[in-house]
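What follows is a single structure, written as structure tokens, with notes after it.
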There are 2 protein chains.
Amino acid sequence: MSLVLDPTAQDLLFREARTANTFTDEPVTDEQVQAIYDLVKYGPTSMNQSPLRVTLVRSPEARERLVQHMAEGNQQKTAAAPLVAILSADNEFHEELPELFPHFPQAKDLFFGERSAREGSAALNAALQAAYFIIGVRAAGLAAGPMTGLDFAGVQKEFLDDDHSPLMVVNIGKPGEDAWFPRSPRLGFDQVVTTV
Amino acid sequence: MSLVLDPTAQDLLFREARTANTFTDEPVTDEQVQAIYDLVKYGPTSMNQSPLRVTLVRSPEARERLVQHMAEGNQQKTAAAPLVAILSADNEFHEELPELFPHFPQAKDLFFGERSAREGSAALNAALQAAYFIIGVRAAGLAAGPMTGLDFAGVQKEFLDDDHSPLMVVNIGKPGEDAWFPRSPRLGFDQVVTTV
């Protein structure tokens with residue numbers, strides 16, 4: 001084996017971890033979410049931009065509103081998951097750069113001007129952080145159910161504002177009965193990696 | 001602690017792992033890259049789209065061509081790293097969906113038509129996989145140096161084709177002397193997470 005990470009951790013995070021479609025009733029606590037964040041906040045982003053924002057949908061009323069914006073095939077599991085999180089990108093992330101990148105005070109100035117440049121950087125870096133978040137959910141011994149089958153404009157209007165673009169919705173909890181389909185095939189190394 | 005992942009693995013992947021700016025001369029082998037891929041290929045993507053593609057820049061001639069497209073501040077470390085990888089998104093990923101998502105044969109058809117819809121999905125999902133790849137490099141006991149300071153159009157023209165959009169370039173190796181700056185601050189939990 002060429003990996004240093006021990007096999008138990010490999011299984012927990014990648015090999016045996018799966019996207020869950022059903023969950024038990026066991027709650028996901030704020031302490032668990034805090035522990036997940038306190039681990040994955042260290043994942044790298046461009047210039048430490050850290051644009052990911054997380055909206056925990058806890059109230060039954062908010063959950064009901066969210067479910068209506070999910071694709072039909074995602075509604076039942078989104079209604080039933082112990083916790084649901086909306087992951088979004090803060091397109092005004094540059095406002096935090098003086099705090100996040102203190103050794104380069106001009107960093108914020110690089111992102112003034114066209115909003116579209118900020119949106120591209122926010123989308124990439126928030127997606128990196130969304131992946132770290134999924135890994136973090138698994139590190140907490142929980143299953144994640146990330147979903148992009150949803151009405152993004154509807155979720156933005158209902159839960160966010162013009163400065164925040166939703167990336168995905170993630171169901172979180174202990175996997176329930178028949179929680180997943182058989183694993184789908186992956187591309188072979190030679191289909192993905194080339195050398196020049 | 002609310003995490004199941006053991007503290008050694010937490011340190012290896014997040015808490016002590018850092019973006020390296022210098023590297024030792026120790027080579028990164030194809031076996032290591034294979035082991036990294038065979039771990040992180042299991043990370044989830046929308047409909048198992050798996051659009052990430054990896055170009056390993058191994059020849060001195062190719063490395064020289066790549067360095068010229070990096071931002072000035074990234075050139076020296078890109079020239080010196082034991083291995084450099086270009087991570088890109090395959091915007092024609094839907095061609096592989098019959099293999100990757102066999103239980104839904106119509107999946108490929110959802111992505112015919114406008115290329116821009118495929119590009120958005122490829123960008124998000126390849127970014128998720130780029131984050132898994134960075135985690136995988138760390139799981140191999142190596143340091144990653146992901147960079148977005150580069151001429152993307154130039155890298156695409158030089159190394160890819162119209163169907164592949166570069167996301168970032170990653171230096172890979174054992175960290176060298178003075179490999180990193182002090183860690184920059186992270187946003188607090190309450191700056192990132194809200195509850196509704």
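Here, A, B, ... name the chains of the structure tokens in the order displayed, residue numbers run from 1 inside each chain, and ligands are numbered from 1 in the same displayed order.
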
Original post:
Which residues come within 10 Å of A:Ala130, counting only C-alpha atoms, excluding same-chain residues fewer than 3 positions away, as a ChimeraX atom specification?
Top reply: /A:40,52-54,87-89,124-127,133-136,146,167-168,170 /B:124,127-128,131

What's the 12 Å shell around B:Leu187, counting only C-alpha atoms, without same-chain residues fewer than 4 positions away, as a PDB file with all heavy atoms, in the first residue's frame?
ATOM      1  N   TYR A  37     -17.319  21.155  11.436  1.00  0.00           N
ATOM      2  CA  TYR A  37     -16.784  22.420  10.917  1.00  0.00           C
ATOM      3  C   TYR A  37     -15.371  22.667  11.420  1.00  0.00           C
ATOM      4  O   TYR A  37     -14.494  23.098  10.654  1.00  0.00           O
ATOM      5  CB  TYR A  37     -17.695  23.601  11.284  1.00  0.00           C
ATOM      6  CG  TYR A  37     -17.095  24.899  10.791  1.00  0.00           C
ATOM      7  CD1 TYR A  37     -17.042  25.162   9.422  1.00  0.00           C
ATOM      8  CD2 TYR A  37     -16.518  25.815  11.660  1.00  0.00           C
ATOM      9  CE1 TYR A  37     -16.447  26.307   8.936  1.00  0.00           C
ATOM     10  CE2 TYR A  37     -15.922  26.969  11.183  1.00  0.00           C
ATOM     11  CZ  TYR A  37     -15.882  27.206   9.822  1.00  0.00           C
ATOM     12  OH  TYR A  37     -15.273  28.331   9.340  1.00  0.00           O
ATOM     13  N   ASP A  38     -15.141  22.379  12.709  1.00  0.00           N
ATOM     14  CA  ASP A  38     -13.824  22.662  13.281  1.00  0.00           C
ATOM     15  C   ASP A  38     -12.729  21.776  12.694  1.00  0.00           C
ATOM     16  O   ASP A  38     -11.543  22.071  12.840  1.00  0.00           O
ATOM     17  CB  ASP A  38     -13.863  22.526  14.809  1.00  0.00           C
ATOM     18  CG  ASP A  38     -14.544  23.727  15.458  1.00  0.00           C
ATOM     19  OD1 ASP A  38     -14.658  24.779  14.794  1.00  0.00           O
ATOM     20  OD2 ASP A  38     -14.965  23.612  16.623  1.00  0.00           O
ATOM     21  N   VAL A  40     -13.060  20.569   9.165  1.00  0.00           N
ATOM     22  CA  VAL A  40     -12.940  20.795   7.725  1.00  0.00           C
ATOM     23  C   VAL A  40     -12.639  22.248   7.368  1.00  0.00           C
ATOM     24  O   VAL A  40     -12.262  22.532   6.230  1.00  0.00           O
ATOM     25  CB  VAL A  40     -14.191  20.300   6.962  1.00  0.00           C
ATOM     26  CG1 VAL A  40     -14.418  18.822   7.242  1.00  0.00           C
ATOM     27  CG2 VAL A  40     -15.423  21.117   7.277  1.00  0.00           C
ATOM     28  N   LYS A  41     -12.760  23.137   8.343  1.00  0.00           N
ATOM     29  CA  LYS A  41     -12.414  24.538   8.058  1.00  0.00           C
ATOM     30  C   LYS A  41     -10.955  24.672   7.649  1.00  0.00           C
ATOM     31  O   LYS A  41     -10.575  25.668   7.032  1.00  0.00           O
ATOM     32  CB  LYS A  41     -12.703  25.419   9.272  1.00  0.00           C
ATOM     33  CG  LYS A  41     -11.794  25.180  10.463  1.00  0.00           C
ATOM     34  CD  LYS A  41     -12.212  26.029  11.658  1.00  0.00           C
ATOM     35  CE  LYS A  41     -11.295  25.776  12.849  1.00  0.00           C
ATOM     36  NZ  LYS A  41     -11.756  26.481  14.063  1.00  0.00           N
ATOM     37  N   TYR A  42     -10.133  23.666   7.963  1.00  0.00           N
ATOM     38  CA  TYR A  42      -8.714  23.743   7.618  1.00  0.00           C
ATOM     39  C   TYR A  42      -8.418  23.326   6.173  1.00  0.00           C
ATOM     40  O   TYR A  42      -7.291  23.493   5.714  1.00  0.00           O
ATOM     41  CB  TYR A  42      -7.894  22.889   8.583  1.00  0.00           C
ATOM     42  CG  TYR A  42      -7.905  23.425   9.993  1.00  0.00           C
ATOM     43  CD1 TYR A  42      -8.483  22.722  11.032  1.00  0.00           C
ATOM     44  CD2 TYR A  42      -7.351  24.674  10.264  1.00  0.00           C
ATOM     45  CE1 TYR A  42      -8.503  23.231  12.321  1.00  0.00           C
ATOM     46  CE2 TYR A  42      -7.374  25.190  11.552  1.00  0.00           C
ATOM     47  CZ  TYR A  42      -7.946  24.470  12.579  1.00  0.00           C
ATOM     48  OH  TYR A  42      -7.970  24.983  13.848  1.00  0.00           O
ATOM     49  N   ASN A  48      -7.165  31.394   0.816  1.00  0.00           N
ATOM     50  CA  ASN A  48      -7.959  31.196   2.041  1.00  0.00           C
ATOM     51  C   ASN A  48      -9.323  31.899   1.950  1.00  0.00           C
ATOM     52  O   ASN A  48      -9.858  32.377   2.947  1.00  0.00           O
ATOM     53  CB  ASN A  48      -7.171  31.701   3.267  1.00  0.00           C
ATOM     54  CG  ASN A  48      -7.693  31.131   4.578  1.00  0.00           C
ATOM     55  OD1 ASN A  48      -8.216  30.020   4.628  1.00  0.00           O
ATOM     56  ND2 ASN A  48      -7.556  31.890   5.641  1.00  0.00           N
ATOM     57  N   GLN A  49      -9.896  31.912   0.760  1.00  0.00           N
ATOM     58  CA  GLN A  49     -11.152  32.656   0.547  1.00  0.00           C
ATOM     59  C   GLN A  49     -12.306  32.137   1.395  1.00  0.00           C
ATOM     60  O   GLN A  49     -13.196  32.908   1.774  1.00  0.00           O
ATOM     61  CB  GLN A  49     -11.542  32.607  -0.937  1.00  0.00           C
ATOM     62  CG  GLN A  49     -10.634  33.434  -1.824  1.00  0.00           C
ATOM     63  CD  GLN A  49     -10.939  33.220  -3.306  1.00  0.00           C
ATOM     64  OE1 GLN A  49     -11.982  32.704  -3.697  1.00  0.00           O
ATOM     65  NE2 GLN A  49     -10.003  33.626  -4.149  1.00  0.00           N
ATOM     66  N   SER A  50     -12.355  30.831   1.578  1.00  0.00           N
ATOM     67  CA  SER A  50     -13.336  30.233   2.505  1.00  0.00           C
ATOM     68  C   SER A  50     -14.765  30.723   2.261  1.00  0.00           C
ATOM     69  O   SER A  50     -15.449  31.185   3.173  1.00  0.00           O
ATOM     70  CB  SER A  50     -12.931  30.535   3.956  1.00  0.00           C
ATOM     71  OG  SER A  50     -11.581  30.192   4.200  1.00  0.00           O
ATOM     72  N   PRO A  51     -15.268  30.610   1.021  1.00  0.00           N
ATOM     73  CA  PRO A  51     -16.595  31.178   0.723  1.00  0.00           C
ATOM     74  C   PRO A  51     -17.785  30.300   1.112  1.00  0.00           C
ATOM     75  O   PRO A  51     -18.927  30.739   0.968  1.00  0.00           O
ATOM     76  CB  PRO A  51     -16.547  31.354  -0.799  1.00  0.00           C
ATOM     77  CG  PRO A  51     -15.655  30.243  -1.264  1.00  0.00           C
ATOM     78  CD  PRO A  51     -14.605  30.109  -0.194  1.00  0.00           C
ATOM     79  N   LEU A  52     -17.551  29.087   1.587  1.00  0.00           N
ATOM     80  CA  LEU A  52     -18.693  28.217   1.907  1.00  0.00           C
ATOM     81  C   LEU A  52     -19.515  28.758   3.071  1.00  0.00           C
ATOM     82  O   LEU A  52     -18.955  29.181   4.090  1.00  0.00           O
ATOM     83  CB  LEU A  52     -18.211  26.803   2.277  1.00  0.00           C
ATOM     84  CG  LEU A  52     -19.346  25.796   2.550  1.00  0.00           C
ATOM     85  CD1 LEU A  52     -20.024  25.384   1.252  1.00  0.00           C
ATOM     86  CD2 LEU A  52     -18.832  24.555   3.286  1.00  0.00           C
ATOM     87  N   ARG A  53     -20.825  28.736   2.923  1.00  0.00           N
ATOM     88  CA  ARG A  53     -21.739  29.049   4.011  1.00  0.00           C
ATOM     89  C   ARG A  53     -22.721  27.892   4.143  1.00  0.00           C
ATOM     90  O   ARG A  53     -23.063  27.233   3.148  1.00  0.00           O
ATOM     91  CB  ARG A  53     -22.488  30.364   3.733  1.00  0.00           C
ATOM     92  CG  ARG A  53     -21.573  31.578   3.557  1.00  0.00           C
ATOM     93  CD  ARG A  53     -20.793  31.965   4.808  1.00  0.00           C
ATOM     94  NE  ARG A  53     -19.896  33.105   4.562  1.00  0.00           N
ATOM     95  CZ  ARG A  53     -18.608  32.996   4.238  1.00  0.00           C
ATOM     96  NH1 ARG A  53     -18.040  31.803   4.111  1.00  0.00           N
ATOM     97  NH2 ARG A  53     -17.879  34.076   4.035  1.00  0.00           N
ATOM     98  N   PHE A  93     -17.358  37.145  -0.582  1.00  0.00           N
ATOM     99  CA  PHE A  93     -16.326  36.604   0.310  1.00  0.00           C
ATOM    100  C   PHE A  93     -15.158  37.557   0.496  1.00  0.00           C
ATOM    101  O   PHE A  93     -14.448  37.492   1.510  1.00  0.00           O
ATOM    102  CB  PHE A  93     -15.817  35.268  -0.229  1.00  0.00           C
ATOM    103  CG  PHE A  93     -15.091  35.401  -1.526  1.00  0.00           C
ATOM    104  CD1 PHE A  93     -13.734  35.702  -1.559  1.00  0.00           C
ATOM    105  CD2 PHE A  93     -15.759  35.267  -2.740  1.00  0.00           C
ATOM    106  CE1 PHE A  93     -13.059  35.859  -2.769  1.00  0.00           C
ATOM    107  CE2 PHE A  93     -15.105  35.434  -3.943  1.00  0.00           C
ATOM    108  CZ  PHE A  93     -13.746  35.734  -3.952  1.00  0.00           C
ATOM    109  N   GLU A  96     -14.269  39.453   3.676  1.00  0.00           N
ATOM    110  CA  GLU A  96     -13.617  38.798   4.823  1.00  0.00           C
ATOM    111  C   GLU A  96     -12.112  38.634   4.614  1.00  0.00           C
ATOM    112  O   GLU A  96     -11.413  38.159   5.520  1.00  0.00           O
ATOM    113  CB  GLU A  96     -14.227  37.408   5.081  1.00  0.00           C
ATOM    114  CG  GLU A  96     -15.742  37.319   4.996  1.00  0.00           C
ATOM    115  CD  GLU A  96     -16.453  38.231   5.979  1.00  0.00           C
ATOM    116  OE1 GLU A  96     -15.877  38.525   7.049  1.00  0.00           O
ATOM    117  OE2 GLU A  96     -17.574  38.691   5.650  1.00  0.00           O
ATOM    118  N   LEU A  97     -11.594  38.976   3.433  1.00  0.00           N
ATOM    119  CA  LEU A  97     -10.177  38.681   3.160  1.00  0.00           C
ATOM    120  C   LEU A  97      -9.207  39.418   4.084  1.00  0.00           C
ATOM    121  O   LEU A  97      -8.156  38.859   4.418  1.00  0.00           O
ATOM    122  CB  LEU A  97      -9.848  38.945   1.687  1.00  0.00           C
ATOM    123  CG  LEU A  97     -10.354  37.850   0.731  1.00  0.00           C
ATOM    124  CD1 LEU A  97     -10.006  38.210  -0.716  1.00  0.00           C
ATOM    125  CD2 LEU A  97      -9.773  36.483   1.080  1.00  0.00           C
ATOM    126  N   PRO A  98      -9.501  40.629   4.524  1.00  0.00           N
ATOM    127  CA  PRO A  98      -8.571  41.252   5.484  1.00  0.00           C
ATOM    128  C   PRO A  98      -8.395  40.398   6.743  1.00  0.00           C
ATOM    129  O   PRO A  98      -7.317  40.362   7.329  1.00  0.00           O
ATOM    130  CB  PRO A  98      -9.235  42.598   5.792  1.00  0.00           C
ATOM    131  CG  PRO A  98     -10.035  42.905   4.551  1.00  0.00           C
ATOM    132  CD  PRO A  98     -10.549  41.569   4.082  1.00  0.00           C
ATOM    133  N   GLU A  99      -9.465  39.698   7.150  1.00  0.00           N
ATOM    134  CA  GLU A  99      -9.370  38.799   8.305  1.00  0.00           C
ATOM    135  C   GLU A  99      -8.701  37.477   7.925  1.00  0.00           C
ATOM    136  O   GLU A  99      -7.898  36.935   8.692  1.00  0.00           O
ATOM    137  CB  GLU A  99     -10.786  38.534   8.844  1.00  0.00           C
ATOM    138  CG  GLU A  99     -10.848  37.487   9.958  1.00  0.00           C
ATOM    139  CD  GLU A  99     -12.281  37.152  10.398  1.00  0.00           C
ATOM    140  OE1 GLU A  99     -13.213  37.901  10.031  1.00  0.00           O
ATOM    141  OE2 GLU A  99     -12.452  36.140  11.100  1.00  0.00           O
ATOM    142  N   LEU A 100      -9.022  36.975   6.717  1.00  0.00           N
ATOM    143  CA  LEU A 100      -8.610  35.617   6.350  1.00  0.00           C
ATOM    144  C   LEU A 100      -7.207  35.548   5.754  1.00  0.00           C
ATOM    145  O   LEU A 100      -6.587  34.491   5.735  1.00  0.00           O
ATOM    146  CB  LEU A 100      -9.607  35.032   5.343  1.00  0.00           C
ATOM    147  CG  LEU A 100     -10.995  34.729   5.887  1.00  0.00           C
ATOM    148  CD1 LEU A 100     -11.952  34.348   4.766  1.00  0.00           C
ATOM    149  CD2 LEU A 100     -10.918  33.597   6.922  1.00  0.00           C
ATOM    150  N   PHE A 101      -6.720  36.645   5.208  1.00  0.00           N
ATOM    151  CA  PHE A 101      -5.441  36.636   4.486  1.00  0.00           C
ATOM    152  C   PHE A 101      -4.650  37.861   4.916  1.00  0.00           C
ATOM    153  O   PHE A 101      -4.307  38.733   4.086  1.00  0.00           O
ATOM    154  CB  PHE A 101      -5.729  36.646   2.979  1.00  0.00           C
ATOM    155  CG  PHE A 101      -4.703  35.934   2.141  1.00  0.00           C
ATOM    156  CD1 PHE A 101      -4.428  34.580   2.340  1.00  0.00           C
ATOM    157  CD2 PHE A 101      -4.014  36.605   1.130  1.00  0.00           C
ATOM    158  CE1 PHE A 101      -3.494  33.919   1.558  1.00  0.00           C
ATOM    159  CE2 PHE A 101      -3.079  35.951   0.347  1.00  0.00           C
ATOM    160  CZ  PHE A 101      -2.814  34.602   0.554  1.00  0.00           C
TER     161      PHE A 101
ATOM    162  N   GLN B 191     -19.811  32.567  11.920  1.00  0.00           N
ATOM    163  CA  GLN B 191     -19.712  33.348  10.684  1.00  0.00           C
ATOM    164  C   GLN B 191     -20.130  32.525   9.463  1.00  0.00           C
ATOM    165  O   GLN B 191     -20.373  33.081   8.390  1.00  0.00           O
ATOM    166  CB  GLN B 191     -18.274  33.846  10.469  1.00  0.00           C
ATOM    167  CG  GLN B 191     -17.819  34.899  11.480  1.00  0.00           C
ATOM    168  CD  GLN B 191     -16.344  35.215  11.311  1.00  0.00           C
ATOM    169  OE1 GLN B 191     -15.488  34.447  11.730  1.00  0.00           O
ATOM    170  NE2 GLN B 191     -16.033  36.349  10.707  1.00  0.00           N
ATOM    171  N   VAL B 192     -20.162  31.222   9.619  1.00  0.00           N
ATOM    172  CA  VAL B 192     -20.370  30.323   8.480  1.00  0.00           C
ATOM    173  C   VAL B 192     -21.703  29.592   8.552  1.00  0.00           C
ATOM    174  O   VAL B 192     -22.353  29.375   7.526  1.00  0.00           O
ATOM    175  CB  VAL B 192     -19.203  29.301   8.421  1.00  0.00           C
ATOM    176  CG1 VAL B 192     -19.475  28.205   7.399  1.00  0.00           C
ATOM    177  CG2 VAL B 192     -17.892  30.013   8.113  1.00  0.00           C
ATOM    178  N   VAL B 193     -22.104  29.217   9.755  1.00  0.00           N
ATOM    179  CA  VAL B 193     -23.267  28.341   9.920  1.00  0.00           C
ATOM    180  C   VAL B 193     -24.422  29.123  10.542  1.00  0.00           C
ATOM    181  O   VAL B 193     -24.254  29.762  11.588  1.00  0.00           O
ATOM    182  CB  VAL B 193     -22.918  27.132  10.810  1.00  0.00           C
ATOM    183  CG1 VAL B 193     -24.133  26.214  10.964  1.00  0.00           C
ATOM    184  CG2 VAL B 193     -21.727  26.369  10.232  1.00  0.00           C
TER     185      VAL B 193
END

Got a sec: who's within 8 Å of B:Asn171, counting only C-alpha atoms, leaving out chain neighbours fewer than 2 positions off, as a CSV table (one decimal) with N, CA and C atoms, in the first residue's frame?
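Final output, result.csv:
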chain,number,residue,atom,x,y,z
B,77,LYS,N,8.1,27.3,-7.6
B,77,LYS,CA,7.7,26.0,-6.9
B,77,LYS,C,7.1,25.0,-7.9
B,78,THR,N,6.5,25.5,-8.9
B,78,THR,CA,6.0,24.6,-9.9
B,78,THR,C,7.1,23.9,-10.7
B,81,ALA,N,8.8,21.3,-7.9
B,81,ALA,CA,8.0,20.2,-7.2
B,81,ALA,C,8.3,18.8,-7.8
B,82,PRO,N,8.4,17.8,-7.1
B,82,PRO,CA,8.6,16.4,-7.6
B,82,PRO,C,7.6,16.0,-8.7
B,83,LEU,N,6.4,16.4,-8.4
B,83,LEU,CA,5.3,16.0,-9.4
B,83,LEU,C,4.3,17.2,-9.5
B,84,VAL,N,3.9,17.5,-10.7
B,84,VAL,CA,2.8,18.5,-10.9
B,84,VAL,C,1.7,17.9,-11.7
B,85,ALA,N,0.5,18.2,-11.2
B,85,ALA,CA,-0.7,17.6,-11.9
B,85,ALA,C,-1.6,18.8,-12.3
B,144,ALA,N,0.2,18.6,-0.7
B,144,ALA,CA,-0.3,19.2,-2.0
B,144,ALA,C,-0.1,20.7,-1.9
B,145,GLY,N,0.1,21.3,-3.1
B,145,GLY,CA,0.2,22.7,-3.3
B,145,GLY,C,-0.7,23.1,-4.4
B,146,PRO,N,-2.0,23.2,-4.1
B,146,PRO,CA,-3.0,23.6,-5.2
B,146,PRO,C,-2.9,25.1,-5.5
B,169,VAL,N,-3.8,23.7,-10.8
B,169,VAL,CA,-2.6,22.9,-10.9
B,169,VAL,C,-2.1,22.6,-9.5
B,173,GLY,N,4.4,16.5,-3.4
B,173,GLY,CA,5.7,15.9,-2.9
B,173,GLY,C,5.8,16.0,-1.4

* To do: Give the helix (DSSP H, G or I) residues of stretch 4-193 of chain A, as DSSP finds them on the backbone, and put them as a ChimeraX atom specification.
  => /A:7-15,30-40,46-48,60-67,72-80,93-100,107-110,115-139,152-159,189-192

* For B:Pro60, which residue out of B:Gln106, B:Ala79, B:Val196, B:Trp180 is the nearest one, using only C-alpha atoms? ->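 Of the candidates, the smallest distance to B:Pro60 is held by B:Ala79.
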
In Å and to one decimal, atom CA of A:His164 is distant from atom CA of A:Asp151 by 14.6 Å

| Among listed residues B:Glu61, B:Asp161, B:Asp178, B:Glu95, nearest chain A (using only C-alpha atoms) |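 Closest residue, counting only C-alpha atoms: B:Glu61.
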
Please extract the residues of chain A with a backbone DSSP assignment of strand (DSSP E or B) and present them as a count of residues only. 36

My list of candidates is A:Asn91, A:Thr29, A:Ser184, A:Asn21. Which is closest to chain B when distances are computed with only C-alpha atoms?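 Counting only C-alpha atoms, the residue closest to chain B is A:Ser184.
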
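Going from atom CA of B:Glu114 to atom CA of B:His94 covers 12.3 Å.
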
Pick from A:Ser165, A:Gln32, A:Thr19, A:Thr148: nearest to B:Leu3, with only C-alpha atoms counted?
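For B:Leu3, the nearest of the candidates is A:Gln32.
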
A straight line from atom CA of A:Ala9 to atom CA of A:Pro185 spans 21.6 Å

Between B:Leu150, B:Ala122, B:Ile86, B:Leu39, smallest distance to chain A by only C-alpha atoms belongs to B:Leu39
